[in-house]
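This is my_file.cif. It holds mmCIF, C-alpha atoms.
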```cif
data_start
loop_
_atom_site.label_atom_id
_atom_site.label_comp_id
_atom_site.auth_asym_id
_atom_site.auth_seq_id
_atom_site.Cartn_x
_atom_site.Cartn_y
_atom_site.Cartn_z
CA MET W 1 -23.04 -34.83 50.13
CA THR W 2 -20.74 -31.97 51.14
CA ALA W 3 -17.77 -34.30 50.98
CA PHE W 4 -18.75 -35.24 47.45
CA LEU W 5 -19.02 -31.61 46.46
CA ILE W 6 -15.54 -30.86 47.82
CA GLU W 7 -13.95 -33.95 46.32
CA ASN W 8 -15.27 -33.35 42.85
CA LYS W 9 -14.45 -29.67 42.72
CA TYR W 10 -13.86 -29.54 38.98
CA THR W 11 -16.98 -31.46 38.04
CA VAL W 12 -19.10 -29.33 40.31
CA GLY W 13 -17.52 -26.15 38.97
CA ILE W 14 -18.13 -27.11 35.39
CA MET W 15 -21.69 -28.19 36.14
CA LEU W 16 -22.44 -24.94 37.93
CA GLY W 17 -20.91 -22.97 35.08
CA VAL W 18 -22.97 -24.75 32.45
CA ILE W 19 -26.16 -24.46 34.46
CA PHE W 20 -25.74 -20.75 35.12
CA GLY W 21 -24.60 -20.08 31.59
CA LEU W 22 -27.60 -21.85 30.14
CA ALA W 23 -29.95 -20.21 32.62
CA SER W 24 -28.69 -16.76 31.64
CA ARG W 25 -29.13 -17.60 27.94
CA ILE W 26 -32.72 -18.68 28.53
CA LEU W 27 -33.28 -15.56 30.61
CA MET W 28 -32.05 -13.40 27.73
CA LEU W 29 -33.98 -15.28 25.07
CA ARG W 30 -37.38 -13.77 24.77
CA THR W 31 -39.73 -14.09 21.88
CA ASP W 32 -41.89 -10.98 21.97
CA TYR W 33 -44.13 -9.11 19.54
CA ARG W 34 -41.42 -9.26 16.89
CA GLN W 35 -41.63 -13.05 16.93
CA TYR W 36 -37.91 -13.31 16.76
CA PRO W 37 -36.26 -15.74 17.35
CA THR W 38 -39.03 -17.76 15.82
CA TYR W 39 -40.79 -20.35 17.92
CA PRO W 40 -39.95 -23.22 18.42
CA HIS W 41 -37.02 -23.93 16.12
CA GLY W 42 -35.34 -20.53 16.22
CA ARG W 43 -35.30 -20.83 19.99
CA ILE W 44 -33.92 -24.36 19.92
CA ILE W 45 -31.00 -23.16 17.82
CA HIS W 46 -30.15 -20.42 20.28
CA ILE W 47 -30.55 -22.58 23.37
CA SER W 48 -28.22 -25.17 21.83
CA LEU W 49 -25.65 -22.51 21.05
CA GLY W 50 -26.11 -21.29 24.61
CA VAL W 51 -25.17 -24.76 25.93
CA ILE W 52 -22.01 -24.69 23.81
CA ALA W 53 -21.12 -21.20 25.01
CA ALA W 54 -21.75 -22.14 28.64
CA ALA W 55 -19.67 -25.30 28.34
CA LEU W 56 -16.79 -23.36 26.80
CA GLY W 57 -16.83 -20.78 29.56
CA ALA W 58 -17.05 -23.37 32.31
CA VAL W 59 -14.33 -25.65 30.96
CA ALA W 60 -11.88 -22.79 30.54
CA VAL W 61 -11.33 -22.60 34.30
CA PRO W 62 -10.14 -26.19 34.98
CA ALA W 63 -7.97 -25.87 31.88
CA LEU W 64 -6.30 -22.83 33.45
CA PHE W 65 -5.87 -24.58 36.79
CA ASN W 66 -4.20 -27.53 35.12
CA LYS W 67 -1.78 -25.10 33.48
CA ASP W 68 -3.15 -26.23 30.16
CA TYR W 69 -2.77 -22.79 28.64
CA THR W 70 -3.15 -23.85 25.07
CA ALA W 71 -6.70 -24.93 25.88
CA ILE W 72 -7.57 -21.25 26.24
CA THR W 73 -7.04 -20.80 22.53
CA PHE W 74 -10.25 -22.75 22.27
CA LEU W 75 -12.03 -19.56 23.25
CA THR W 76 -10.93 -17.94 20.02
CA LEU W 77 -12.73 -20.74 18.27
CA ALA W 78 -15.80 -19.81 20.28
CA ALA W 79 -15.46 -16.19 19.22
CA GLN W 80 -15.30 -17.31 15.60
CA GLN W 81 -18.33 -19.50 16.15
CA PHE W 82 -20.40 -16.66 17.54
CA ARG W 83 -19.36 -14.27 14.84
CA ASP W 84 -20.83 -16.86 12.51
CA VAL W 85 -24.02 -16.77 14.56
CA ARG W 86 -24.17 -13.04 13.97
CA LYS W 87 -23.64 -13.51 10.26
CA MET W 88 -26.28 -16.22 10.13
CA GLU W 89 -28.84 -14.02 11.89
CA ARG W 90 -28.01 -11.10 9.62
CA ASP W 91 -28.37 -13.18 6.47
CA THR W 92 -31.63 -14.80 7.53
CA LEU W 93 -33.22 -11.55 8.62
CA THR W 94 -32.12 -9.73 5.49
CA LYS W 95 -33.69 -12.42 3.35
CA ILE W 96 -36.91 -12.40 5.35
CA ASP W 97 -37.02 -8.62 5.29
CA GLU W 98 -37.40 -8.58 1.53
CA LEU W 99 -40.86 -10.09 1.92
CA GLU W 100 -42.14 -7.87 4.71
CA LEU W 101 -44.82 -5.28 3.96
CA VAL W 102 -43.03 -2.85 6.23
CA GLN W 103 -39.36 -3.63 6.46
CA ARG W 104 -37.16 -3.71 9.51
CA GLY W 105 -34.28 -2.07 7.70
CA THR W 106 -30.63 -3.03 7.85
CA THR W 107 -29.84 -1.03 10.98
CA TYR W 108 -32.47 -2.90 12.97
CA ILE W 109 -31.25 -6.22 11.58
CA GLU W 110 -27.65 -5.38 12.43
CA GLY W 111 -28.81 -4.50 15.93
CA ILE W 112 -30.55 -7.85 16.38
CA ALA W 113 -27.59 -9.78 14.99
CA MET W 114 -25.22 -7.91 17.28
CA VAL W 115 -27.39 -8.76 20.27
CA PHE W 116 -27.24 -12.47 19.46
CA GLU W 117 -23.46 -12.43 19.32
CA GLY W 118 -23.11 -10.28 22.42
CA ARG W 119 -25.42 -12.44 24.47
CA ASN W 120 -23.39 -15.54 23.77
CA TYR W 121 -20.34 -13.77 25.21
CA LEU W 122 -22.35 -12.86 28.26
CA VAL W 123 -23.18 -16.56 28.62
CA ILE W 124 -19.48 -17.41 28.47
CA MET W 125 -18.81 -14.77 31.11
CA THR W 126 -21.49 -16.11 33.47
CA ALA W 127 -20.27 -19.67 33.05
CA PHE W 128 -16.65 -18.64 33.50
CA PHE W 129 -17.22 -16.72 36.73
CA SER W 130 -19.44 -19.31 38.39
CA SER W 131 -16.99 -22.04 37.46
CA LEU W 132 -14.00 -19.94 38.60
CA PHE W 133 -15.46 -19.18 42.00
CA ALA W 134 -16.72 -22.72 42.52
CA ILE W 135 -13.33 -24.21 41.75
CA SER W 136 -11.04 -21.71 43.46
CA PHE W 137 -13.19 -21.43 46.62
CA THR W 138 -16.14 -23.71 47.25
CA TRP W 139 -19.31 -24.53 45.42
CA TYR W 140 -21.49 -21.96 47.17
CA TYR W 141 -19.17 -19.17 46.11
CA GLY W 142 -19.74 -20.39 42.60
CA LEU W 143 -23.46 -20.21 43.22
CA ALA W 144 -23.17 -16.63 44.46
CA ALA W 145 -20.94 -15.62 41.53
CA GLY W 146 -23.44 -17.17 39.13
CA ILE W 147 -26.31 -15.21 40.64
CA VAL W 148 -24.34 -11.94 40.58
CA SER W 149 -23.38 -12.52 36.94
CA MET W 150 -26.99 -13.15 36.08
CA ILE W 151 -27.99 -9.86 37.67
CA ILE W 152 -25.30 -8.12 35.60
CA VAL W 153 -26.56 -9.90 32.50
CA LEU W 154 -30.11 -8.76 33.24
CA ALA W 155 -28.91 -5.19 33.60
CA LEU W 156 -27.04 -5.38 30.31
CA ARG W 157 -29.97 -6.93 28.49
CA SER W 158 -32.19 -3.93 28.18
CA GLY W 159 -31.16 -0.97 26.07
CA LYS W 160 -32.72 2.46 25.95
CA SER W 161 -35.90 3.44 24.20
CA ILE W 162 -37.16 6.52 22.36
CA SER W 163 -38.76 7.80 25.59
CA HIS W 164 -35.24 8.49 26.90
CA ILE W 165 -34.39 10.93 24.12
CA ALA W 166 -37.69 12.38 22.97
CA SER W 167 -41.33 13.03 23.72
CA ALA W 168 -44.13 11.97 21.41
CA GLU W 169 -47.63 13.21 20.79
CA SER W 170 -50.31 11.97 18.46
CA VAL W 171 -51.50 14.60 16.03
CA PRO W 172 -54.20 14.51 13.37
CA VAL W 173 -53.35 13.85 9.74
CA LYS W 174 -54.19 16.88 7.61
CA GLN W 175 -54.88 16.96 3.89
CA ASP W 176 -54.59 20.03 1.75
CA GLY W 177 -55.67 18.86 -1.69
CA PRO W 178 -53.14 16.21 -2.64
CA ASP W 179 -50.69 17.34 0.05
CA LEU W 180 -50.53 15.22 3.16
CA LEU W 181 -49.31 16.69 6.42
CA VAL W 182 -48.87 15.35 9.92
CA GLY W 183 -49.34 18.37 12.15
CA ASP W 184 -47.35 20.98 10.24
CA ILE W 185 -44.83 18.60 8.70
CA TYR W 186 -45.14 17.78 5.03
CA ILE W 187 -45.19 14.04 4.31
CA MET W 188 -46.07 13.39 0.68
CA ASN W 189 -48.28 14.10 -2.29
CA VAL W 190 -51.20 11.72 -2.73
CA GLY W 191 -52.78 12.02 -6.16
CA LEU W 192 -55.78 9.73 -6.16
CA LYS W 193 -59.08 10.71 -4.52
CA VAL W 194 -59.62 7.10 -3.39
CA ASN W 195 -56.36 7.10 -1.47
CA GLN W 196 -57.01 10.55 -0.02
CA GLU W 197 -60.34 9.39 1.38
CA LEU W 198 -58.75 6.27 2.79
CA ILE W 199 -56.04 8.30 4.47
CA ALA W 200 -58.62 10.74 5.90
CA GLU W 201 -60.46 7.77 7.37
CA ARG W 202 -57.62 5.61 8.66
CA GLY W 203 -54.49 7.76 8.80
CA LEU W 204 -52.65 8.21 12.06
CA GLY W 205 -49.95 10.75 12.85
CA VAL W 206 -47.36 10.98 15.60
CA ILE W 207 -44.79 13.71 16.10
CA ILE W 208 -41.61 12.91 17.98
CA LYS W 209 -39.83 15.83 19.56
CA PRO W 210 -36.21 15.22 20.59
CA TYR W 211 -35.03 16.69 23.90
CA ASN W 212 -31.50 17.63 22.80
CA PRO W 213 -29.05 17.61 19.86
CA ASN W 214 -28.12 13.98 20.59
CA GLY W 215 -31.73 12.94 20.23
CA LYS W 216 -32.03 14.98 17.05
CA ALA W 217 -29.07 13.24 15.45
CA THR W 218 -30.30 9.80 16.50
CA LEU W 219 -33.83 10.38 15.26
CA SER W 220 -32.62 11.62 11.91
CA ASN W 221 -30.99 8.24 11.26
CA LEU W 222 -32.97 6.47 8.55
CA GLY W 223 -32.49 3.08 10.20
CA GLN W 224 -33.94 4.35 13.46
CA ARG W 225 -36.94 5.79 11.61
CA GLN W 226 -37.54 2.50 9.83
CA ALA W 227 -37.38 0.71 13.19
CA ILE W 228 -40.11 3.00 14.54
CA LEU W 229 -42.29 2.29 11.48
CA TYR W 230 -41.64 -1.43 11.76
CA ASP W 231 -42.59 -1.60 15.42
CA LEU W 232 -45.74 0.44 14.86
CA SER W 233 -46.82 -1.72 11.93
CA THR W 234 -46.09 -4.96 13.76
CA ILE W 235 -48.12 -4.01 16.80
CA LEU W 236 -50.98 -2.01 15.28
CA GLY W 237 -51.13 -3.92 12.01
CA VAL W 238 -50.73 -2.18 8.70
CA TYR W 239 -53.45 -1.25 6.22
CA ARG W 240 -51.66 -1.90 2.98
CA ASP W 241 -50.80 -4.49 0.41
CA ASP W 242 -48.15 -5.11 -2.15
CA GLY W 243 -48.70 -2.84 -5.14
CA GLU W 244 -50.19 0.00 -3.08
CA PRO W 245 -47.32 2.48 -3.05
CA ALA W 246 -49.49 5.36 -1.85
CA LEU W 247 -50.34 3.68 1.44
CA ILE W 248 -46.79 3.23 2.62
CA PRO W 249 -46.04 4.37 6.19
CA MET W 250 -43.54 7.21 6.30
CA ALA W 251 -41.36 9.18 8.65
CA LYS W 252 -40.29 12.66 7.71
CA LEU W 253 -38.09 15.12 9.47
CA ASP W 254 -38.83 18.76 10.08
CA MET W 255 -35.38 19.95 9.10
CA ARG W 256 -35.66 23.24 10.99
CA ASP W 257 -36.05 21.84 14.49
CA GLY W 258 -35.38 18.10 14.17
CA ARG W 259 -38.89 16.91 14.96
CA LEU W 260 -39.87 13.65 13.32
CA ALA W 261 -43.36 13.12 11.91
CA ILE W 262 -44.67 9.58 11.55
CA PHE W 263 -47.50 8.77 9.20
CA LEU W 264 -49.12 5.34 9.30
CA LEU W 265 -52.26 3.53 8.20
CA PRO W 266 -52.87 1.00 10.95
CA GLN W 267 -55.38 -1.81 11.08
CA GLU W 268 -56.29 -0.72 14.55
CA LYS W 269 -56.62 3.06 14.71
CA ASN W 270 -55.66 3.89 18.25
CA ALA W 271 -53.80 7.16 18.70
CA SER W 272 -52.82 6.77 22.34
CA LYS W 273 -51.52 3.26 21.77
CA ALA W 274 -49.48 4.46 18.79
CA ARG W 275 -47.87 7.12 20.96
CA GLU W 276 -47.10 4.54 23.62
CA ILE W 277 -45.53 2.20 21.07
CA VAL W 278 -43.35 4.94 19.60
CA LEU W 279 -42.00 5.78 23.04
CA ARG W 280 -41.06 2.15 23.61
CA VAL W 281 -39.22 1.61 20.34
CA PRO W 282 -35.67 0.56 21.19
CA ILE W 283 -32.90 2.96 20.27
CA LEU W 284 -30.68 1.13 17.84
CA GLU W 285 -27.09 0.96 18.96
CA SER W 286 -25.78 1.82 15.52
CA ALA W 287 -28.08 4.83 15.22
CA VAL W 288 -26.92 6.54 18.42
CA ARG W 289 -25.05 9.79 17.91
CA MET W 290 -23.59 11.96 20.62
CA PRO W 291 -22.66 15.34 19.14
CA THR W 292 -22.68 16.96 22.60
CA GLU W 293 -19.80 14.68 23.63
CA ALA W 294 -17.54 16.28 21.04
CA LYS W 295 -14.76 18.51 22.39
CA VAL W 296 -15.93 21.58 20.46
CA ASN W 297 -19.40 21.37 21.93
CA GLN W 298 -18.19 20.79 25.48
CA GLN W 299 -16.02 23.91 25.46
CA GLU W 300 -18.96 25.93 24.31
CA GLY W 301 -21.26 24.55 26.99
CA SER W 302 -18.95 25.10 30.00
CA MET K 1 -34.58 7.96 -6.57
CA GLY K 2 -38.02 8.03 -8.09
CA GLU K 3 -38.68 7.42 -11.73
CA ILE K 4 -41.64 8.72 -13.72
CA LYS K 5 -43.36 5.71 -15.22
CA ALA K 6 -46.32 7.42 -16.85
CA VAL K 7 -48.12 10.74 -17.12
CA VAL K 8 -51.90 11.21 -17.10
CA THR K 9 -53.02 14.66 -18.16
CA MET K 10 -55.89 16.79 -19.36
CA HIS K 11 -53.57 19.25 -21.05
CA LYS K 12 -51.51 17.49 -23.68
CA GLN K 13 -49.58 20.61 -24.61
CA GLN K 14 -48.17 20.93 -21.09
CA VAL K 15 -46.34 17.63 -21.05
CA GLY K 16 -43.73 15.82 -23.07
CA GLY K 17 -40.66 13.69 -22.72
CA GLY K 18 -39.77 10.05 -22.22
CA ALA K 19 -42.63 8.64 -20.18
CA PRO K 20 -45.84 7.39 -21.82
CA ILE K 21 -48.52 10.09 -21.76
CA PHE K 22 -52.21 9.26 -21.33
CA VAL K 23 -54.63 12.00 -22.22
CA ALA K 24 -57.95 12.29 -20.41
CA ASP K 25 -60.92 14.51 -21.18
CA ASN K 26 -62.08 15.23 -17.66
CA VAL K 27 -61.08 14.85 -14.02
CA LYS K 28 -63.09 11.67 -13.55
CA GLN K 29 -61.48 9.95 -16.49
CA MET K 30 -58.07 11.10 -15.36
CA GLU K 31 -58.68 9.66 -11.88
CA GLU K 32 -59.78 6.33 -13.32
CA THR K 33 -56.82 5.98 -15.66
CA ALA K 34 -54.42 6.96 -12.91
CA PHE K 35 -56.02 4.47 -10.51
CA LEU K 36 -55.63 1.63 -12.99
CA LEU K 37 -52.08 2.60 -13.81
CA GLU K 38 -51.20 2.76 -10.14
CA LYS K 39 -52.23 -0.85 -9.67
CA LEU K 40 -50.62 -1.99 -12.91
CA LEU K 41 -47.30 -0.24 -12.56
CA ASP K 42 -46.99 -0.42 -8.79
CA ALA K 43 -46.16 3.28 -8.89
CA ALA K 44 -47.57 6.06 -6.72
CA VAL K 45 -49.82 8.71 -8.22
CA HIS K 46 -48.82 12.30 -7.51
CA ASP K 47 -50.90 15.34 -8.33
CA LEU K 48 -49.00 18.23 -9.88
CA LYS K 49 -52.05 20.45 -9.16
CA ASN K 50 -52.26 21.61 -12.75
CA GLY K 51 -54.48 18.93 -14.22
CA THR K 52 -51.65 16.44 -14.54
CA PHE K 53 -50.92 13.27 -12.59
CA ILE K 54 -47.57 11.56 -12.68
CA LEU K 55 -46.93 7.96 -11.72
CA VAL K 56 -43.67 7.65 -9.86
CA LYS K 57 -41.96 4.44 -8.98
CA HIS K 58 -40.08 5.13 -5.75
CA LYS K 59 -36.78 3.30 -5.26
#
```
Starting from the file, give its structure as C-alpha cells.
Amino acid sequence: MTAFLIENKYTVGIMLGVIFGLASRILMLRTDYRQYPTYPHGRIIHISLGVIAAALGAVAVPALFNKDYTAITFLTLAAQQFRDVRKMERDTLTKIDELELVQRGTTYIEGIAMVFEGRNYLVIMTAFFSSLFAISFTWYYGLAAGIVSMIIVLALRSGKSISHIASAESVPVKQDGPDLLVGDIYIMNVGLKVNQELIAERGLGVIIKPYNPNGKATLSNLGQRQAILYDLSTILGVYRDDGEPALIPMAKLDMRDGRLAIFLLPQEKNASKAREIVLRVPILESAVRMPTEAKVNQQEGS
Amino acid sequence: MGEIKAVVTMHKQQVGGGAPIFVADNVKQMEETAFLLEKLLDAAVHDLKNGTFILVKHK
C-alpha cells in the first residue's frame, strides 16, 4: 500500500488535490434561507464547476514538475471560465430579481456573484497546495496541507455582519395623520385610511445605530439598505402584493446622526426576531466604506 | 423620481396642471376614489393634508 502510494506520486497528488478541492467547494456551498444556489440543479452546477476547478489546481503541480511551463497558461483559461461563472450568476439573479416582491438589489447580487467566483479560486488554491505537498514530499504532507487549506477556506468564507458595525433596537411604528414614523424618523406619507389601519396593525420598526463613521457610511449605502430589507422580508415574510405601492418596506436615514430606520410589514410580526435578523444581515463587500482610514482623519485622531 | 398620476380633491380651485383631477364631495368619497385609483394605477396615495390626495407613481 505505502509502496504504491510512493510509486504513483503524481496520481496520488492529483487525486488528493481533486478530493480536497471538491470537499472545500462542498463545504463552501450552502443553501440557506435565501435558497441560493437553488436546490438541486443550482447546486449541481456549482459542484461540477468545483470539480473542474479542483482538477485544474491539482494538475498544475505535475505540469510544473515536468517543466511543462506552458501548461500553466491553462490557469488563465480557468480564470476566464470563473469570470464567466460570475457573469452568469449576475445575469440570472438580476433577471430573477425583477419578479421579487422585495428585491435584493444590484449590490447584493454583485456580492453573491463575486462570492461564487472567489470561491472557485479558493478551490484551486486548496487543490494546488494539497497536490504540491503530496508530490514534493509524501502523501501525508499533502493530506495535512489540504486540511490546513480547508481551515483557511473556512475562515475566509464568512464575512462580517451588521452587528459588527451597529446596534439595533425594535421601536414602535408611529402615525401622525398620514405621516408615518419609525421612532422619530420620518418614513413616508400614507394617504389612505385603509392602509394606515393596516400599518398600525402589522407595521414593524427597527432603528439601526452605527457605532462609528465607517458604520454610518456603510449603512447609508442604498444597496446595503436593500439587502437588510430583503433579508427581513425573506425570513419574516412580507405582507404585500404587486400593485400595493403603499405597503412597500422602506429604510430611511436620519441625516443628522446617521441612524437608519427600517419599516416593514411582515407576515409574522415578531419584533425581537426582526432585530436579530437585522443584526445578522451580511455587510456587502461593495458597500463597505472606511472614512476613518483616510489620511486626513488619521492625523486628526492621533 | 415620482410622477403624479392623478389628483383627488375636495377643493377644485386649489389644484390644476397636467394630471387628471377627480373631484369628490366629501372625505368618504375622496377615500373611495383614491383607493380605487391606487389599485388601478399602481400608484401610492399621499395626503397633502389640505383635502387633496395625490397618486404618485414612484420610480
Given the file shown, determine the residues that the PyMOL selection byres ((chain W) within 12 of (chain K)) selects; report them as a PyMOL selection string. chain W and resi 176-180+188-196+241-248
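Taken over the whole file, the PyMOL selection byres ((chain K and resi 10-13) around 6) covers exactly Thr9, Gln14, Val15, Val23, Ala24, Asp25 and Gly51 of chain K.
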Could you list, as a ChimeraX atom specification, every residue within 10 Å of range 26-38 of chain W, counting only C-alpha atoms and ignoring same-chain residues fewer than 4 positions away? /W:20-22,42-47,50,89,93,112,115-116,119-120,122-123,150,153-154,156-158,230-231,234-235
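Near Met255 in chain W, within a cut-off of 10 Å and counting only C-alpha atoms, sit the residues Ile185, Lys216, Ser220, Lys252, Gly258, Arg259 and Leu260 of chain W, with same-chain residues fewer than 3 positions away left out.
Once the PyMOL selection byres ((chain W and resi 61) around 8) is applied to the depicted file, the selected set reads Gly57, Ala58, Val59, Ala60, Pro62, Ala63, Leu64, Phe65, Phe128, Ser131, Leu132 and Ile135 of chain W.
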Output file for the residues above (C-alpha atoms, as an mmCIF file, keeping the file's coordinate frame):
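Full text of part-v6.cif as output:
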```
data_model
loop_
_atom_site.group_PDB
_atom_site.id
_atom_site.type_symbol
_atom_site.label_atom_id
_atom_site.label_comp_id
_atom_site.auth_asym_id
_atom_site.auth_seq_id
_atom_site.Cartn_x
_atom_site.Cartn_y
_atom_site.Cartn_z
ATOM 1 C CA GLY W 57 -16.830 -20.780 29.560
ATOM 2 C CA ALA W 58 -17.050 -23.370 32.310
ATOM 3 C CA VAL W 59 -14.330 -25.650 30.960
ATOM 4 C CA ALA W 60 -11.880 -22.790 30.540
ATOM 5 C CA PRO W 62 -10.140 -26.190 34.980
ATOM 6 C CA ALA W 63 -7.970 -25.870 31.880
ATOM 7 C CA LEU W 64 -6.300 -22.830 33.450
ATOM 8 C CA PHE W 65 -5.870 -24.580 36.790
ATOM 9 C CA PHE W 128 -16.650 -18.640 33.500
ATOM 10 C CA SER W 131 -16.990 -22.040 37.460
ATOM 11 C CA LEU W 132 -14.000 -19.940 38.600
ATOM 12 C CA ILE W 135 -13.330 -24.210 41.750
#
```
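Straight-line separation from CA of Ile277 in chain W to CA of Ser167 in chain W: 11.9 Å.
Distances from W:Leu284, W:Leu16, W:Leu101, W:Val148 to Tyr239 in chain W were compared using all atoms listed in the file, and the smallest one belongs to W:Leu101.
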So, with only C-alpha atoms as the atoms that count, which of W:Gln267, W:Thr218, W:Ser272, W:Gln80 lies closest to Leu253 in chain W? W:Thr218
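Within 12 Å of the point (-37.7, -8.5, 6.6) in file coordinates, and counting all atoms listed in the file, lie the residues Arg34, Gln35, Tyr36, Glu89, Arg90, Asp91, Thr92, Leu93, Thr94, Lys95, Ile96, Asp97, Glu98, Leu99, Glu100, Leu101, Val102, Gln103, Arg104, Gly105, Thr106, Thr107, Tyr108, Ile109, Gln226, Ala227, Tyr230 and Thr234 of chain W.
What separates CA of Arg25 in chain W from CA of Met125 in chain W is a distance of 11.2 Å.
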Have a look at W:Gly183, W:Pro291, W:Gly237, W:Gly13 and name the one nearest to Leu143 in chain W; count only C-alpha atoms. W:Gly13
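From CA of Thr11 in chain W back to CA of Ile124 in chain W, the distance works out to 17.2 Å.
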Taking 3 positions as the minimum chain separation for residues in the same chain, which residues sit within 7 Å of Val238 in chain W when counting all atoms listed in the file? Answer as a ChimeraX atom specification. /W:233,265-267
Dump range 126-141 of chain W with N, CA and C atoms to a file, as a CSV table (one decimal), in the first residue's frame.
```
chain,number,residue,atom,x,y,z
W,126,THR,N,-6.8,25.3,-2.7
W,126,THR,CA,-6.8,24.1,-1.9
W,126,THR,C,-6.2,22.9,-2.7
W,127,ALA,N,-6.7,22.8,-3.9
W,127,ALA,CA,-6.2,21.6,-4.7
W,127,ALA,C,-4.7,21.8,-5.0
W,128,PHE,N,-4.3,23.0,-5.3
W,128,PHE,CA,-2.9,23.2,-5.7
W,128,PHE,C,-2.0,22.9,-4.5
W,129,PHE,N,-2.3,23.4,-3.3
W,129,PHE,CA,-1.4,23.1,-2.2
W,129,PHE,C,-1.4,21.7,-1.8
W,130,SER,N,-2.6,21.0,-1.8
W,130,SER,CA,-2.5,19.6,-1.3
W,130,SER,C,-1.8,18.8,-2.4
W,131,SER,N,-1.9,19.1,-3.6
W,131,SER,CA,-1.2,18.4,-4.7
W,131,SER,C,0.3,18.7,-4.6
W,132,LEU,N,0.6,19.9,-4.4
W,132,LEU,CA,2.0,20.3,-4.3
W,132,LEU,C,2.8,19.6,-3.2
W,133,PHE,N,2.1,19.6,-2.0
W,133,PHE,CA,2.8,19.0,-0.8
W,133,PHE,C,2.9,17.5,-1.0
W,134,ALA,N,1.8,16.9,-1.6
W,134,ALA,CA,1.8,15.4,-1.8
W,134,ALA,C,2.9,15.0,-2.8
W,135,ILE,N,3.1,15.8,-3.8
W,135,ILE,CA,4.1,15.4,-4.8
W,135,ILE,C,5.5,15.8,-4.4
W,136,SER,N,5.7,16.9,-3.8
W,136,SER,CA,7.1,17.3,-3.4
W,136,SER,C,7.6,16.6,-2.2
W,137,PHE,N,6.7,16.2,-1.3
W,137,PHE,CA,7.1,15.4,-0.1
W,137,PHE,C,6.5,14.1,-0.2
W,138,THR,N,5.6,13.7,0.7
W,138,THR,CA,4.9,12.5,0.6
W,138,THR,C,3.4,12.7,0.8
W,139,TRP,N,2.6,11.7,0.6
W,139,TRP,CA,1.2,11.9,0.5
W,139,TRP,C,0.6,12.4,1.8
W,140,TYR,N,1.2,12.1,3.0
W,140,TYR,CA,0.5,12.6,4.2
W,140,TYR,C,0.8,14.1,4.4
W,141,TYR,N,1.9,14.6,3.8
W,141,TYR,CA,2.0,16.1,3.8
W,141,TYR,C,0.9,16.7,3.0
```
